[in-house]
$ cat start-v3.pdb   # PDB, C-alpha atoms
MODEL        1
ATOM      1  CA  MET Z   1     -35.709 -10.419  -5.751
ATOM      2  CA  GLU Z   2     -39.328 -11.452  -5.538
ATOM      3  CA  LYS Z   3     -41.848 -10.993  -2.779
ATOM      4  CA  ASN Z   4     -41.597 -13.814  -0.323
ATOM      5  CA  ASP Z   5     -43.836 -14.948   2.536
ATOM      6  CA  ASN Z   6     -40.801 -15.341   4.815
ATOM      7  CA  CYS Z   7     -38.958 -12.077   4.117
ATOM      8  CA  PHE Z   8     -38.393 -11.399   7.809
ATOM      9  CA  SER Z   9     -37.570 -14.941   8.944
ATOM     10  CA  LEU Z  10     -33.839 -14.193   9.365
ATOM     11  CA  ALA Z  11     -34.610 -11.142  11.495
ATOM     12  CA  GLU Z  12     -37.185 -13.021  13.546
ATOM     13  CA  ASN Z  13     -34.751 -15.877  14.202
ATOM     14  CA  ARG Z  14     -31.947 -13.492  15.161
ATOM     15  CA  PHE Z  15     -34.277 -11.626  17.536
ATOM     16  CA  LEU Z  16     -35.313 -14.880  19.217
ATOM     17  CA  GLN Z  17     -31.677 -15.945  19.556
ATOM     18  CA  MET Z  18     -30.808 -12.586  21.084
ATOM     19  CA  THR Z  19     -33.647 -12.654  23.602
ATOM     20  CA  ASP Z  20     -32.827 -16.263  24.509
ATOM     21  CA  PHE Z  21     -29.239 -15.234  25.157
ATOM     22  CA  LEU Z  22     -30.282 -12.215  27.239
ATOM     23  CA  LYS Z  23     -32.467 -14.512  29.411
ATOM     24  CA  SER Z  24     -29.644 -17.028  29.847
ATOM     25  CA  ASN Z  25     -27.437 -17.633  32.878
ATOM     26  CA  GLU Z  26     -24.442 -16.778  30.718
ATOM     27  CA  ALA Z  27     -25.786 -13.283  30.009
ATOM     28  CA  SER Z  28     -26.721 -12.831  33.673
ATOM     29  CA  SER Z  29     -23.121 -13.446  34.642
ATOM     30  CA  LEU Z  30     -21.794 -10.687  32.340
ATOM     31  CA  ASN Z  31     -21.284  -7.075  33.337
ATOM     32  CA  TYR Z  32     -23.320  -4.394  31.594
ATOM     33  CA  ARG Z  33     -20.470  -3.401  29.273
ATOM     34  CA  CYS Z  34     -20.272  -6.954  27.887
ATOM     35  CA  VAL Z  35     -24.040  -7.073  27.407
ATOM     36  CA  GLU Z  36     -23.930  -3.706  25.639
ATOM     37  CA  ASN Z  37     -21.146  -4.963  23.351
ATOM     38  CA  TYR Z  38     -23.230  -8.032  22.523
ATOM     39  CA  LEU Z  39     -26.277  -5.877  21.775
ATOM     40  CA  GLN Z  40     -24.278  -3.460  19.670
ATOM     41  CA  LYS Z  41     -22.807  -6.211  17.479
ATOM     42  CA  ASP Z  42     -25.795  -8.533  17.178
ATOM     43  CA  GLY Z  43     -28.276  -5.656  17.235
ATOM     44  CA  ARG Z  44     -26.634  -4.200  14.143
ATOM     45  CA  GLU Z  45     -26.929  -7.599  12.455
ATOM     46  CA  LEU Z  46     -30.621  -7.634  13.410
ATOM     47  CA  LEU Z  47     -31.067  -4.207  11.804
ATOM     48  CA  ARG Z  48     -29.388  -5.486   8.627
ATOM     49  CA  ASP Z  49     -31.724  -8.484   8.554
ATOM     50  CA  LEU Z  50     -34.754  -6.225   9.070
ATOM     51  CA  LEU Z  51     -33.757  -3.885   6.240
ATOM     52  CA  ASN Z  52     -33.030  -6.810   3.939
ATOM     53  CA  GLY Z  53     -36.455  -8.284   4.767
ATOM     54  CA  HIS Z  54     -38.108  -4.944   4.053
ATOM     55  CA  ILE Z  55     -36.374  -4.648   0.682
ATOM     56  CA  LYS Z  56     -37.495  -8.169  -0.239
ATOM     57  CA  GLU Z  57     -41.045  -7.446   0.973
ATOM     58  CA  ARG Z  58     -41.296  -4.454  -1.369
ATOM     59  CA  GLY Z  59     -40.850  -6.734  -4.371
ATOM     60  CA  VAL Z  60     -39.561  -5.719  -7.779
ATOM     61  CA  GLY Z  61     -41.757  -2.689  -8.327
ATOM     62  CA  HIS Z  62     -44.364  -3.862 -10.798
ATOM     63  CA  ILE Z  63     -47.022  -1.206 -10.327
ATOM     64  CA  GLY Z  64     -48.873  -1.445 -13.632
ATOM     65  CA  GLN Z  65     -48.500  -1.140 -17.386
ATOM     66  CA  SER Z  66     -47.153   2.411 -17.371
ATOM     67  CA  VAL Z  67     -45.862   5.195 -15.151
ATOM     68  CA  THR Z  68     -46.162   8.936 -15.622
ATOM     69  CA  GLY Z  69     -43.228  10.910 -14.294
ATOM     70  CA  ALA Z  70     -43.202  14.297 -12.599
ATOM     71  CA  ASP Z  71     -42.356  15.644 -16.075
ATOM     72  CA  GLY Z  72     -45.822  14.557 -17.249
ATOM     73  CA  ILE Z  73     -44.411  11.991 -19.709
ATOM     74  CA  LYS Z  74     -45.999   8.545 -19.708
ATOM     75  CA  ARG Z  75     -43.479   5.684 -19.749
ATOM     76  CA  THR Z  76     -44.913   2.499 -21.215
ATOM     77  CA  HIS Z  77     -41.830   0.336 -21.729
ATOM     78  CA  LYS Z  78     -41.132  -1.798 -18.672
ATOM     79  CA  ARG Z  79     -38.047  -3.926 -18.041
ATOM     80  CA  LEU Z  80     -36.652  -5.739 -14.988
ATOM     81  CA  ARG Z  81     -33.199  -4.358 -14.183
ATOM     82  CA  THR Z  82     -30.609  -4.936 -11.484
ATOM     83  CA  LYS Z  83     -29.451  -1.910  -9.533
ATOM     84  CA  LYS Z  84     -26.746  -1.630  -6.908
ATOM     85  CA  ILE Z  85     -27.682   0.215  -3.743
ATOM     86  CA  LYS Z  86     -25.678   1.330  -0.742
ATOM     87  CA  THR Z  87     -27.415   1.427   2.641
ATOM     88  CA  LEU Z  88     -26.198   2.263   6.135
ATOM     89  CA  PHE Z  89     -25.797  -1.453   6.758
ATOM     90  CA  PHE Z  90     -24.647  -3.066   3.497
ATOM     91  CA  ASP Z  91     -24.251  -2.809  -0.264
ATOM     92  CA  MET Z  92     -26.471  -5.054  -2.354
ATOM     93  CA  ALA Z  93     -27.968  -5.598  -5.780
ATOM     94  CA  ILE Z  94     -31.735  -5.326  -6.085
ATOM     95  CA  ASN Z  95     -34.055  -6.134  -8.966
ATOM     96  CA  ARG Z  96     -36.466  -3.371  -9.902
ATOM     97  CA  PHE Z  97     -38.793  -2.693 -12.797
ATOM     98  CA  ALA Z  98     -37.691   0.320 -14.792
ATOM     99  CA  TYR Z  99     -40.339   2.210 -16.733
ATOM    100  CA  SER Z 100     -39.061   4.123 -19.742
ATOM    101  CA  GLY Z 101     -39.993   5.681 -23.035
ATOM    102  CA  ARG Z 102     -38.182   6.798 -26.158
ATOM    103  CA  GLY Z 103     -35.840   9.666 -25.357
ATOM    104  CA  VAL Z 104     -36.716   9.932 -21.650
ATOM    105  CA  SER Z 105     -34.951   8.701 -18.556
ATOM    106  CA  SER Z 106     -36.104   5.534 -16.808
ATOM    107  CA  LEU Z 107     -38.107   5.662 -13.602
ATOM    108  CA  PHE Z 108     -37.895   3.107 -10.799
ATOM    109  CA  PRO Z 109     -41.086   3.688  -8.792
ATOM    110  CA  LEU Z 110     -40.002   1.577  -5.807
ATOM    111  CA  ASP Z 111     -36.413   2.730  -5.796
ATOM    112  CA  ILE Z 112     -36.138   5.004  -2.795
ATOM    113  CA  PHE Z 113     -32.336   4.900  -2.713
ATOM    114  CA  PRO Z 114     -30.153   7.563  -4.342
ATOM    115  CA  LYS Z 115     -27.752   6.540  -7.083
TER
ENDMDL
END

$ encode --input "start-v3.pdb" --output "structure tokens"
Amino acid sequence: MEKNDNCFSLAENRFLQMTDFLKSNEASSLNYRCVENYLQKDGRELLRDLLNGHIKERGVGHIGQSVTGADGIKRTHKRLRTKKIKTLFFDMAINRFAYSGRGVSSLFPLDIFPK
């Protein structure tokens, strides 16, 4: 997954569709429970699109030639790896740079998700 100028385009389009619907005669004819149901379903999809856009916006985690961990060990070997993450909204595979060294565990500086 690489940084992209249009990372949030899906979320922006969904938001516009939702607001257009809420302004429509069709939505005006619904009771509040139906509108709430619509917002709950499509609003959750909007949140998924926003999180996905944010993950794409973060990029793959190239932050330089090396990383020093909390253990004080400098990791100079860098390799792009695919990791699976589980979020509140979906499971997905993300590409992240892993920084490692001989005999030490890899670090993923951008990886804010637990294993």

$ closest_atom_pairs --input "start-v3.pdb" --of "range 92-114 of chain Z" --to "range 51-75 of chain Z" --cutoff "6 Å" --atoms "all atoms listed in the file" --output "Markdown table"
| residue | atom | partner | partner_atom | distance |
| --- | --- | --- | --- | --- |
| Z:Asn95 | CA | Z:Val60 | CA | 5.6 |
| Z:Arg96 | CA | Z:Val60 | CA | 4.4 |
| Z:Phe97 | CA | Z:Gly61 | CA | 5.4 |
| Z:Tyr99 | CA | Z:Arg75 | CA | 5.6 |
| Z:Ser100 | CA | Z:Arg75 | CA | 4.7 |
| Z:Gly101 | CA | Z:Arg75 | CA | 4.8 |
| Z:Leu110 | CA | Z:Gly61 | CA | 5.3 |

$ resolve_selection --input "start-v3.pdb" --expression "the PyMOL selection byres ((chain Z and resi 84) around 10)" --output "NGL selection string"
:Z and (82-83 or 85-86 or 91-95 or 113 or 115)

$ atom_distance --input "start-v3.pdb" --atom1 "CA of Glu26 in chain Z" --atom2 "CA of Tyr38 in chain Z"
12.0 Å

$ atom_distance --input "start-v3.pdb" --atom1 "CA of Arg79 in chain Z" --atom2 "CA of Arg48 in chain Z"
28.1 Å

$ atom_distance --input "start-v3.pdb" --atom1 "CA of Leu46 in chain Z" --atom2 "CA of Leu22 in chain Z"
14.6 Å

$ closest_residue --input "start-v3.pdb" --among "Z:Met18, Z:Ala27, Z:Leu80, Z:Val104" --to "Arg44 in chain Z" --atoms "all atoms listed in the file"
Z:Met18

$ resolve_selection --input "start-v3.pdb" --expression "the PyMOL selection byres ((chain Z and resi 11) around 8)" --output "list in words"
Phe8, Ser9, Leu10, Glu12, Asn13, Arg14, Phe15, Leu46, Leu47, Asp49, Leu50 and Gly53 of chain Z

$ write_last_selection --input "start-v3.pdb" --atoms "C-alpha atoms" --output "CSV table (one decimal), in the frame of the given file"
chain,number,residue,atom,x,y,z
Z,8,PHE,CA,-38.4,-11.4,7.8
Z,9,SER,CA,-37.6,-14.9,8.9
Z,10,LEU,CA,-33.8,-14.2,9.4
Z,12,GLU,CA,-37.2,-13.0,13.5
Z,13,ASN,CA,-34.8,-15.9,14.2
Z,14,ARG,CA,-31.9,-13.5,15.2
Z,15,PHE,CA,-34.3,-11.6,17.5
Z,46,LEU,CA,-30.6,-7.6,13.4
Z,47,LEU,CA,-31.1,-4.2,11.8
Z,49,ASP,CA,-31.7,-8.5,8.6
Z,50,LEU,CA,-34.8,-6.2,9.1
Z,53,GLY,CA,-36.5,-8.3,4.8

$ closest_residue --input "start-v3.pdb" --among "Z:Phe89, Z:Cys34, Z:Lys23, Z:His77" --to "Phe108 in chain Z" --atoms "all atoms listed in the file"
Z:His77

$ axis_aligned_box --input "start-v3.pdb" --around "range 8-22 of chain Z" --padding-each-side "4 Å" --output "lines of an AutoDock Vina configuration file"
center_x = -33.8
center_y = -13.7
center_z = 17.5
size_x = 17.2
size_y = 13.1
size_z = 27.4
